[in-house]
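To start, the structure itself, in structure tokens.
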2 protein chains.
Amino acid sequence: MYRTHDCGALRMEHVGQEVTLAGWVQATRNLGGLSFIDLRDRYGITQLSFNMEVNPELCQEARRCGREYVVRAQGIVRERTSKNPNRPTGDIEIEVKSLDILNASVVPPFTIEDDTDGGDELRMKYRYLDIRRTPVREKLIFRHKIALETRKFLSEQGFLEIETPYLIKSTPEGARDFIVPSRMNPGQWYALPQSPQTFKQILMVGGMDRYFQIVRCFRDEDLRADRQPEFTQIDCEMAFVEREDVLQTFESLMRYLFRQTLGIELPEFPRMSYDEAMASYGSDKPDLRFDMKFVALDGLRGGGFQVIDNAPFMRGIVVKGLEEKFTNKEINDLTDWVKRPQIGAKGMMYVRYSPDGVKSSILKFYSEEKLVEAGKAVGAGPGDVILILTGEKDAVLKQLGDLRLEVARRFELIPTSVFKPLWVLDFPLLEWDEESGRFFAMHHPFTSPLPQDMHKMESSDRETLSSIRAAAYDMVINGAELGGGSIRIHDRTLQEKNFELLGFSKEEAEHQFGFLMGAFEQGAPPHGGIAFGLDRVCAIMQGSTSIRDYIAFPKNNQGRDMMIDAPSEIDPKQLKELGI
Amino acid sequence: MYRTHDCGALRMEHVGQEVTLAGWVQATRNLGGLSFIDLRDRYGITQLSFNMEVNPELCQEARRCGREYVVRAQGIVRERTSKNPNRPTGDIEIEVKSLDILNASVVPPFTIEDDTDGGDELRMKYRYLDIRRTPVREKLIFRHKIALETRKFLSEQGFLEIETPYLIKSTPEGARDFIVPSRMNPGQWYALPQSPQTFKQILMVGGMDRYFQIVRCFRDEDLRADRQPEFTQIDCEMAFVEREDVLQTFESLMRYLFRQTLGIELPEFPRMSYDEAMASYGSDKPDLRFDMKFVALDGLRGGGFQVIDNAPFMRGIVVKGLEEKFTNKEINDLTDWVKRPQIGAKGMMYVRYSPDGVKSSILKFYSEEKLVEAGKAVGAGPGDVILILTGEKDAVLKQLGDLRLEVARRFELIPTSVFKPLWVLDFPLLEWDEESGRFFAMHHPFTSPLPQDMHKMESSDRETLSSIRAAAYDMVINGAELGGGSIRIHDRTLQEKNFELLGFSKEEAEHQFGFLMGAFEQGAPPHGGIAFGLDRVCAIMQGSTSIRDYIAFPKNNQGRDMMIDAPSEIDPKQLKELGI
């Protein structure tokens with residue numbers, strides 16, 4: 001037997017008991033006549049003590065144990081003379097009677113501490129050492145809890161977890177597929193699913209009524225910092241539902257998860273249309289932990305200042321009470337920031353309502369009174385600053401949205417430990433792509449238009465088509481999209497029409513999605529669903545900025561697993577068998 | 001709103017309530033002045049009633065609904081005049097006030113009934129219709145329950161579900177990998193995991209202590225009836241454990257699953273060594289629901305009958321009390337059966353202890369008294385039959401094991417609704433393969449030998465090496481292997497030695513598993529684990545013969561998904577992007 005207790009279990013009530021512990025040597029301390037080992041496992045750290053006078057051999061053995069040695073110690077639980085109140089086991093120690101080194105360890109390439117000296121690459125290569133660190137371990141445990149509680153909640157609500165295949169069919173629509181050659185069907189390929197979308201719809205047609213799955217998805221995209229080629233979704237679908245049913249169900253899920261794992265009661269989820277979110281925050285996932293809604297500043301229009309008068313679009317944000325922080329240096333810095341290619345603004349105007357009068361980049365074009373009046377109209381007064389961008393509408397909204405976030409970050413306007421959830425609704429169904437001269441589905445091609453916009457599907461006018469709203473919704477918390485979904489099309493004719501608007505030929509639509517459209521003719525119920533990014537849910541809930549922390553074995557930006565060194569070259573025999 | 005209740009919910013207590021139901025038209029009945037629709041969903045069937053006199057238009061509308069139409073009906077719950085005691089909702093019906101056809105249906109290609117007229121191919125192509133059938137639906141629901149209860153139990157026991165990557169590295173050892181070209185790393189490939197074996201061991205090195213995952217695994221093997229290219233494992237690993245700890249833990253899991261989902265208390269799991277299982281039942285997964293242990297029949301040796309005297313090996317089974325069923329026809333039939341190439345015996349001898357004396361194929365070589373005496377020695381007497389095979393040891397054991405099962409099947413000796421669990425222990429570590437002239441790992445290359453056999457690893461004698469027992473175990477119920485596992489090697493030197501015995505060069509071992517051997521030098525704890533086939537667990541528990549029934553979207557024997565028609569040809573652009 002390797003242990004009677006784990007390293008986090010022993011307390012004063014165990015004093016006098018004979019116990020056996022096993023774990024890793026976190027640290028050793030030699031104080032002349034006494035030696036100590038801090039023994040660590042997943043559950044905690046317990047102090048082992050050795051006395052040079054009582055048992056010199058054993059004490060010598062303890063001193064041979066380096067960091068990360070794996071040992072088993074048998075001994076008696078004793079009350080400590082100098083207790084450690086920072087550790088749950090800090091009242092006791094083990095007076096060791098026998099010690100076995102179960103496995104030695106070379107000196108680890110970085111320290112196994114909360115703050116490690118190991119760089120990213122090194123930690124990824126020795127991920128098993130990184131995982132021994134408390135912050136990483138705790139994140140993996142949190143993810144386990146979220147997945148388990150999600151399953152419990154959804155199962156209680158009558159959802160069935162049903163597995164869908166990973167070896168499916170490639171469809172060129174959407175992101176790039178990972179593909180897998182079939183040895184038994186030479187020249188043919190499987191694809192790994194980007195999501196189980198069509199399968200979950202098929203399950204609704206199959207009468208399963210309420211489906212979920214915590215499932216791996218794959219996208220062969222060029223990777224950004226926070227994107228992985230494989231990632232995990234909480235994927236859900238319900239039959240005989242309208243949008244309201246879906247929103248209620250998954251608002252409850254999220255409220256349950258926050259309550260169960262963080263002890264936090266989320267507020268009601270406000271709702272906002274996509275148009276409103278874009279107009280007010282320049283983002284379809286606005287961060288509502290702070291204000292700074294966009295303001296129109298119409299009062300400045302028509303004053304003779306060409307930059308403003310001729311601007312196709314103008315919006316500003318009011319930064320309350322921070323006027324004195326907006327020094328010339330800060331203003332210049334922010335102006336440079338918005339002019340960076342990633343943001344792309346041509347410049348930034350400002351109006352500072354300072355104690356010694358209005359300071360502004362447009363003061364020579366407007367009277368001070370005019371600027372005070374314009375400020376008042378948008379709620380800006382003494383001590384406030386207005387930042388203004390002009391240009392094409394879509395660009396200004398996007399740029400000002402980015403600026404709003406940047407200002408909030410720079411001046412620490414974002415409260416921590418606060419959660420501001422939100423449903424964003426009524427996304428456009430179709431997005432025109434100038435480059436390819438065609439519409440793309442903003443959500444995906446299976447999304448239903450809102451009933452009241454259904455009639456516009458018959459139009460051939462691009463403006464009308466662009467104005468069709470989808471029965472789609474995103475759940476946003478603190479400016480991050482946790483998940484999104486839609487009511488789906490369940491009618492063959494409407495699905496065909498949608499494929500047609502998306503530029504599919506009849507043959508392409510039939511070849512790729514014929515099975516789904518066929519299913520729609522066999523008694524398909526109305527249905528809709530949602531999918532959440534599990535990694536993202538975990539990260540948002542714990543206020544973490546990186547989803548990679550929640551993945552046990554993440555890949556780097558080249559899609560490479562640094563630990564096992566994959567992908568790698570393959571035995572030519574394997575390729576030959578596949579006819580490649 | 002589509003419904004206030006589901007189709008399985010309404011009872012006498014709801015009589016008088018106004019309700020809305022939605023579902024599929026299972027059947028319609030027109031009885032002159034009255035019409036009925038059986039409305040079905042996942043939860044049950046409820047009768048809708050329409051009265052021609054009260055509302056002729058509505059009644060006509062009901063009569064327009066074909067099988068599998070999706071409808072919504074609003075009306076009042078009424079007590080039925082003729083109740084249906086076979087249906088939970090059979091006391092009531094809905095007096096319909098309004099009816100909406102939500103979606104029409106073409107006539108389904110097969111009947112949506114418990115016993116369908118649809119063939120296998122048709123049902124796979126229209127899997128969404130097959131899933132509407134109660135037997136299929138109930139199996140998917142059972143699988144959901146087993147997965148959920150497994151997660152609950154293991155989580156309660158301190159196991160953490162940790163996801164491991166699906167895009168990993170190909171290793172030629174074992175079965176054939178499915179491989180995935182990497183676009184970002186031209187010329188390099190990922191492989192889909194055959195199991196998360198090395199990752200779960202890495203998690204143990206990482207201190208996660210208790211891991212599990214219900215996880216998809218992939219094997220590109222030629223498919224037999226009951227094998228799928230992708231299948232799901234309940235994959236588990238524990239640190240600081242000996243074999244006994246693992247056996248206890250997963251015996252508890254299985255006992256919990258049987259109790260929670262079937263209400264059955266499993267007996268204690270007996271244990272049997274691999275050698276004993278092979279010697280007594282000719283199988284490493286003996287079905288203990290019936291007896292017929294092999295008997296040696298040494299009494300017949302040395303009697304001058306060359307076939308027996310010269311046979312390198314001989315064993316028999318005693319079929320109790322069925323002598324009169326072993327007619328000449330039956331004997332000939334069984335003899336033909338064992339001589340089939342799949343079994344491969346040269347012939348079969350028999351001794352019938354019939355009321356009118358001993359009847360036997362070897363009666364001319366032995367006296368009746370000798371045969372009676374030989375029978376007595378192995379517990380065979382009047383009314384019994386002994387069936388005997390001779391030949392090479394391994395072949396006889398295998399053939400007689402098959403014959404034992406066949407006899408049990410033919411004469412219905414296998415009790416139903418009985419579960420006979422068993423641990424099979426002490427498997428050989430290494431299996432010699434004549435064809436390739438090398439050893440293969442019987443379990444996998446990470447399996448530890450038993451401590452008491454460890455010293456034999458240094459031998460270069462093939463017999464000695466073949467006799468090394470592994471710390472491996474299989475859980476067997478009713479003659480099926482539900483899962484298997486082992487205590488793993490956690491020492492670099494031992495792992496290197498094992499790779500050497502398996503014919504790996506130092507370079508090959510390092511290239512393929514260097515990360516794992518490196519991890520063993522960084523403080524690897526003793527560890528071991530097990531993996532269960534989820535589909536198989538479900539099938540065995542429900543006494544089903546096919547695992548395919550438990551998979552929502554199975555593939556056929558050519559690895560093809562008949563519904564979506566995958567694999568398929570791929571856009572040449574995709575291959576070009578991948579440099580293929």
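Every chain in the structure tokens takes a letter, A first, then B, and so on in the order presented; its residues are numbered from 1, and the ligands are numbered from 1 following the presented order.
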
- Message: Env of range 480-491 of chain B: 6 Å cut, atoms = only C-alpha atoms, seq-sep filter 6 positions within chain, self excluded. Answer as a ChimeraX atom specification.
- Response: /B:446-448,471-474,520,524,526-532,537

- Message: To test your reading of the structure, identify every residue in range 295-520 of chain B that backbone DSSP assigns to helix (DSSP H, G or I), and report it as an MDAnalysis selection string.
- Response: chainID B and resid 298:300 306:309 323:325 328:339 368:377 393:410 451:458 462:466 492:501 506:520

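Minimum distance to chain B across A:Gly90, A:Gly206, A:Pro286, A:Gly357 (counting only C-alpha atoms) occurs at A:Gly206.
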
- Message: Give me, as a list in words, all polymer residues having an atom no more than 9 Å from Leu247 in chain A, counting only C-alpha atoms and skipping those fewer than 3 positions away in the same chain.
- Response: Arg243, Glu244, Phe250, Glu251, Ser252, Trp423, Tyr473 and Met475 of chain A

- Might you pull out every residue within 12 Å of Val96 in chain A, with only C-alpha atoms counted and same-chain residues fewer than 3 positions away left off, and present them as a PyMOL selection string? chain A and resi 17-21+34-37+39+46-52+54-59+61-62+71-78+93+99-100

Go ahead and write the selection's residues with N, CA, C and O atoms as a CSV table (one decimal), in the first residue's frame.
chain,number,residue,atom,x,y,z
A,17,GLN,N,-1.8,9.0,15.3
A,17,GLN,CA,-2.0,7.9,14.4
A,17,GLN,C,-0.8,7.6,13.5
A,17,GLN,O,0.0,8.5,13.2
A,18,GLU,N,-0.7,6.3,13.2
A,18,GLU,CA,0.4,5.9,12.3
A,18,GLU,C,-0.2,6.0,10.9
A,18,GLU,O,-1.3,5.5,10.6
A,19,VAL,N,0.5,6.7,10.0
A,19,VAL,CA,0.0,6.9,8.7
A,19,VAL,C,1.1,6.7,7.6
A,19,VAL,O,2.3,6.6,8.0
A,20,THR,N,0.7,6.5,6.4
A,20,THR,CA,1.7,6.4,5.3
A,20,THR,C,1.2,7.4,4.2
A,20,THR,O,0.1,7.5,3.9
A,21,LEU,N,2.2,8.2,3.8
A,21,LEU,CA,1.9,9.2,2.8
A,21,LEU,C,2.8,9.0,1.6
A,21,LEU,O,3.9,8.4,1.8
A,34,LEU,N,17.8,18.5,12.9
A,34,LEU,CA,16.5,18.1,12.3
A,34,LEU,C,16.5,18.3,10.8
A,34,LEU,O,17.2,19.2,10.3
A,35,SER,N,15.8,17.5,10.1
A,35,SER,CA,15.5,17.7,8.7
A,35,SER,C,14.0,17.6,8.4
A,35,SER,O,13.3,16.9,9.1
A,36,PHE,N,13.6,18.4,7.4
A,36,PHE,CA,12.2,18.4,7.0
A,36,PHE,C,12.1,18.2,5.5
A,36,PHE,O,12.9,18.7,4.8
A,37,ILE,N,11.0,17.5,5.2
A,37,ILE,CA,10.6,17.5,3.8
A,37,ILE,C,9.2,18.0,3.7
A,37,ILE,O,8.3,17.5,4.5
A,39,LEU,N,6.2,17.4,1.7
A,39,LEU,CA,5.7,16.4,0.7
A,39,LEU,C,4.4,16.9,0.1
A,39,LEU,O,3.5,17.2,0.8
A,46,THR,N,2.3,18.2,3.2
A,46,THR,CA,2.4,17.8,4.6
A,46,THR,C,3.9,17.8,4.9
A,46,THR,O,4.7,17.3,4.1
A,47,GLN,N,4.2,18.3,6.1
A,47,GLN,CA,5.6,18.3,6.5
A,47,GLN,C,6.0,16.9,7.1
A,47,GLN,O,5.4,16.4,8.0
A,48,LEU,N,7.2,16.4,6.6
A,48,LEU,CA,7.8,15.2,7.2
A,48,LEU,C,8.9,15.7,8.1
A,48,LEU,O,9.7,16.5,7.6
A,49,SER,N,9.1,15.1,9.2
A,49,SER,CA,10.3,15.5,10.0
A,49,SER,C,11.1,14.3,10.4
A,49,SER,O,10.7,13.2,10.6
A,50,PHE,N,12.4,14.6,10.4
A,50,PHE,CA,13.5,13.6,10.7
A,50,PHE,C,14.4,14.1,11.7
A,50,PHE,O,14.8,15.3,11.7
A,51,ASN,N,14.8,13.2,12.6
A,51,ASN,CA,15.6,13.7,13.7
A,51,ASN,C,17.0,13.0,13.7
A,51,ASN,O,17.1,11.7,13.7
A,52,MET,N,18.1,13.7,13.5
A,52,MET,CA,19.4,13.2,13.3
A,52,MET,C,19.8,12.4,14.5
A,52,MET,O,20.5,11.4,14.4
A,54,VAL,N,17.7,10.8,16.7
A,54,VAL,CA,16.9,9.6,16.9
A,54,VAL,C,17.2,8.5,15.8
A,54,VAL,O,17.3,7.3,16.1
A,55,ASN,N,17.4,9.0,14.6
A,55,ASN,CA,17.6,8.0,13.5
A,55,ASN,C,18.5,8.6,12.4
A,55,ASN,O,18.0,9.1,11.4
A,56,PRO,N,19.8,8.6,12.7
A,56,PRO,CA,20.7,9.3,11.7
A,56,PRO,C,20.6,8.8,10.3
A,56,PRO,O,20.7,9.5,9.4
A,57,GLU,N,20.5,7.5,10.2
A,57,GLU,CA,20.5,6.9,8.8
A,57,GLU,C,19.3,7.4,8.0
A,57,GLU,O,19.4,7.7,6.9
A,58,LEU,N,18.1,7.4,8.7
A,58,LEU,CA,16.9,7.8,8.0
A,58,LEU,C,17.0,9.3,7.7
A,58,LEU,O,16.6,9.7,6.6
A,59,CYS,N,17.6,10.0,8.6
A,59,CYS,CA,17.8,11.5,8.3
A,59,CYS,C,18.7,11.7,7.1
A,59,CYS,O,18.4,12.6,6.3
A,61,GLU,N,19.0,9.6,4.7
A,61,GLU,CA,18.2,9.2,3.5
A,61,GLU,C,17.4,10.4,3.0
A,61,GLU,O,17.3,10.7,1.9
A,62,ALA,N,16.7,11.1,4.0
A,62,ALA,CA,15.9,12.2,3.7
A,62,ALA,C,16.7,13.3,3.0
A,62,ALA,O,16.2,14.0,2.1
A,71,VAL,N,8.5,10.0,-3.1
A,71,VAL,CA,8.8,9.1,-1.9
A,71,VAL,C,7.5,8.7,-1.2
A,71,VAL,O,6.5,9.3,-1.3
A,72,ARG,N,7.7,7.6,-0.4
A,72,ARG,CA,6.7,7.2,0.5
A,72,ARG,C,7.2,7.2,1.9
A,72,ARG,O,8.4,6.8,2.2
A,73,ALA,N,6.5,7.8,2.8
A,73,ALA,CA,6.9,7.9,4.2
A,73,ALA,C,5.9,7.4,5.2
A,73,ALA,O,4.7,7.6,5.0
A,74,GLN,N,6.4,6.6,6.1
A,74,GLN,CA,5.5,6.0,7.1
A,74,GLN,C,5.9,6.6,8.5
A,74,GLN,O,7.1,6.7,8.7
A,75,GLY,N,5.0,6.9,9.3
A,75,GLY,CA,5.3,7.5,10.6
A,75,GLY,C,4.1,7.9,11.4
A,75,GLY,O,3.0,7.5,11.1
A,76,ILE,N,4.4,8.7,12.4
A,76,ILE,CA,3.3,9.1,13.4
A,76,ILE,C,3.0,10.6,13.2
A,76,ILE,O,3.9,11.4,13.0
A,77,VAL,N,1.7,10.9,13.2
A,77,VAL,CA,1.3,12.3,13.2
A,77,VAL,C,1.5,12.9,14.5
A,77,VAL,O,1.1,12.4,15.5
A,78,ARG,N,2.3,14.0,14.5
A,78,ARG,CA,2.6,14.8,15.7
A,78,ARG,C,2.2,16.2,15.5
A,78,ARG,O,2.1,16.8,14.5
A,93,GLU,N,2.8,17.5,11.7
A,93,GLU,CA,3.9,17.0,10.9
A,93,GLU,C,3.9,15.5,11.1
A,93,GLU,O,3.3,14.9,12.0
A,99,LEU,N,11.2,5.5,5.2
A,99,LEU,CA,11.1,6.4,4.0
A,99,LEU,C,11.6,5.5,2.8
A,99,LEU,O,12.7,4.9,2.9
A,100,ASP,N,10.8,5.5,1.8
A,100,ASP,CA,11.2,4.8,0.5
A,100,ASP,C,11.3,5.8,-0.6
A,100,ASP,O,10.3,6.6,-0.8

- Query: Neighbours of Ala9 in chain A within 9 Å (only C-alpha atoms; same-chain residues fewer than 4 positions away dropped), as a count of residues only?
  - Reply: 6

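Straight-line separation from CA of Ser360 in chain A to CA of Leu300 in chain A: 13.1 Å.
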
- Message: Quick one: residues within 10 Å of Ile264 in chain A, only C-alpha atoms, excluding same-chain residues fewer than 3 positions away - as a PyMOL selection string?
- Response: chain A and resi 255-261+267+417-419

- Please provide the set of residues having any atom within 9 Å of Phe199 in chain A, restricted to only C-alpha atoms, with same-chain residues fewer than 5 positions apart removed, written as a PyMOL selection string. (chain A and resi 164-165+204+516) or (chain B and resi 553)

Grab the residues selected above and save them as a compact mmCIF listing (two decimals), in the first residue's frame with all heavy atoms.
# COMPACT_ATOMS: atom_id res chain seq x y z
N THR A 164 -21.66 12.14 -31.37
CA THR A 164 -21.75 12.20 -32.84
C THR A 164 -20.37 11.84 -33.41
O THR A 164 -19.37 11.92 -32.70
CB THR A 164 -22.16 13.63 -33.27
OG1 THR A 164 -21.27 14.56 -32.66
CG2 THR A 164 -23.59 13.93 -32.83
N PRO A 165 -20.34 11.43 -34.67
CA PRO A 165 -19.06 10.93 -35.20
C PRO A 165 -18.00 12.02 -35.38
O PRO A 165 -18.32 13.18 -35.58
CB PRO A 165 -19.45 10.31 -36.55
CG PRO A 165 -20.80 10.84 -36.88
CD PRO A 165 -21.46 11.25 -35.61
N MET A 204 -32.55 16.00 -33.75
CA MET A 204 -33.85 16.60 -33.50
C MET A 204 -34.90 16.00 -34.45
O MET A 204 -36.01 15.67 -34.03
CB MET A 204 -33.79 18.13 -33.67
CG MET A 204 -32.93 18.85 -32.64
SD MET A 204 -33.44 18.53 -30.92
CE MET A 204 -32.23 17.31 -30.43
N LEU A 516 -29.44 16.30 -45.01
CA LEU A 516 -30.17 17.14 -44.06
C LEU A 516 -31.49 17.61 -44.68
O LEU A 516 -32.54 17.57 -44.04
CB LEU A 516 -29.31 18.34 -43.65
CG LEU A 516 -29.91 19.23 -42.56
CD1 LEU A 516 -30.05 18.49 -41.24
CD2 LEU A 516 -29.06 20.48 -42.36
N PHE B 553 -24.61 7.20 -34.62
CA PHE B 553 -24.33 7.23 -36.06
C PHE B 553 -23.16 6.29 -36.37
O PHE B 553 -22.03 6.73 -36.56
CB PHE B 553 -24.01 8.66 -36.51
CG PHE B 553 -25.13 9.62 -36.24
CD1 PHE B 553 -25.08 10.49 -35.15
CD2 PHE B 553 -26.26 9.65 -37.05
CE1 PHE B 553 -26.12 11.38 -34.89
CE2 PHE B 553 -27.31 10.53 -36.80
CZ PHE B 553 -27.24 11.40 -35.72

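Comparing A:Ala509, A:Leu450, A:Met184, A:Cys65 by their smallest distance to chain B, the closest is A:Met184 (using only C-alpha atoms).
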
- Item | Sel. of strand (DSSP E) residues, range 367-527 of chain B, as number ranges by chain | B: 385-391, 421-425, 430-433, 438-441, 472-477, 480-487, 527
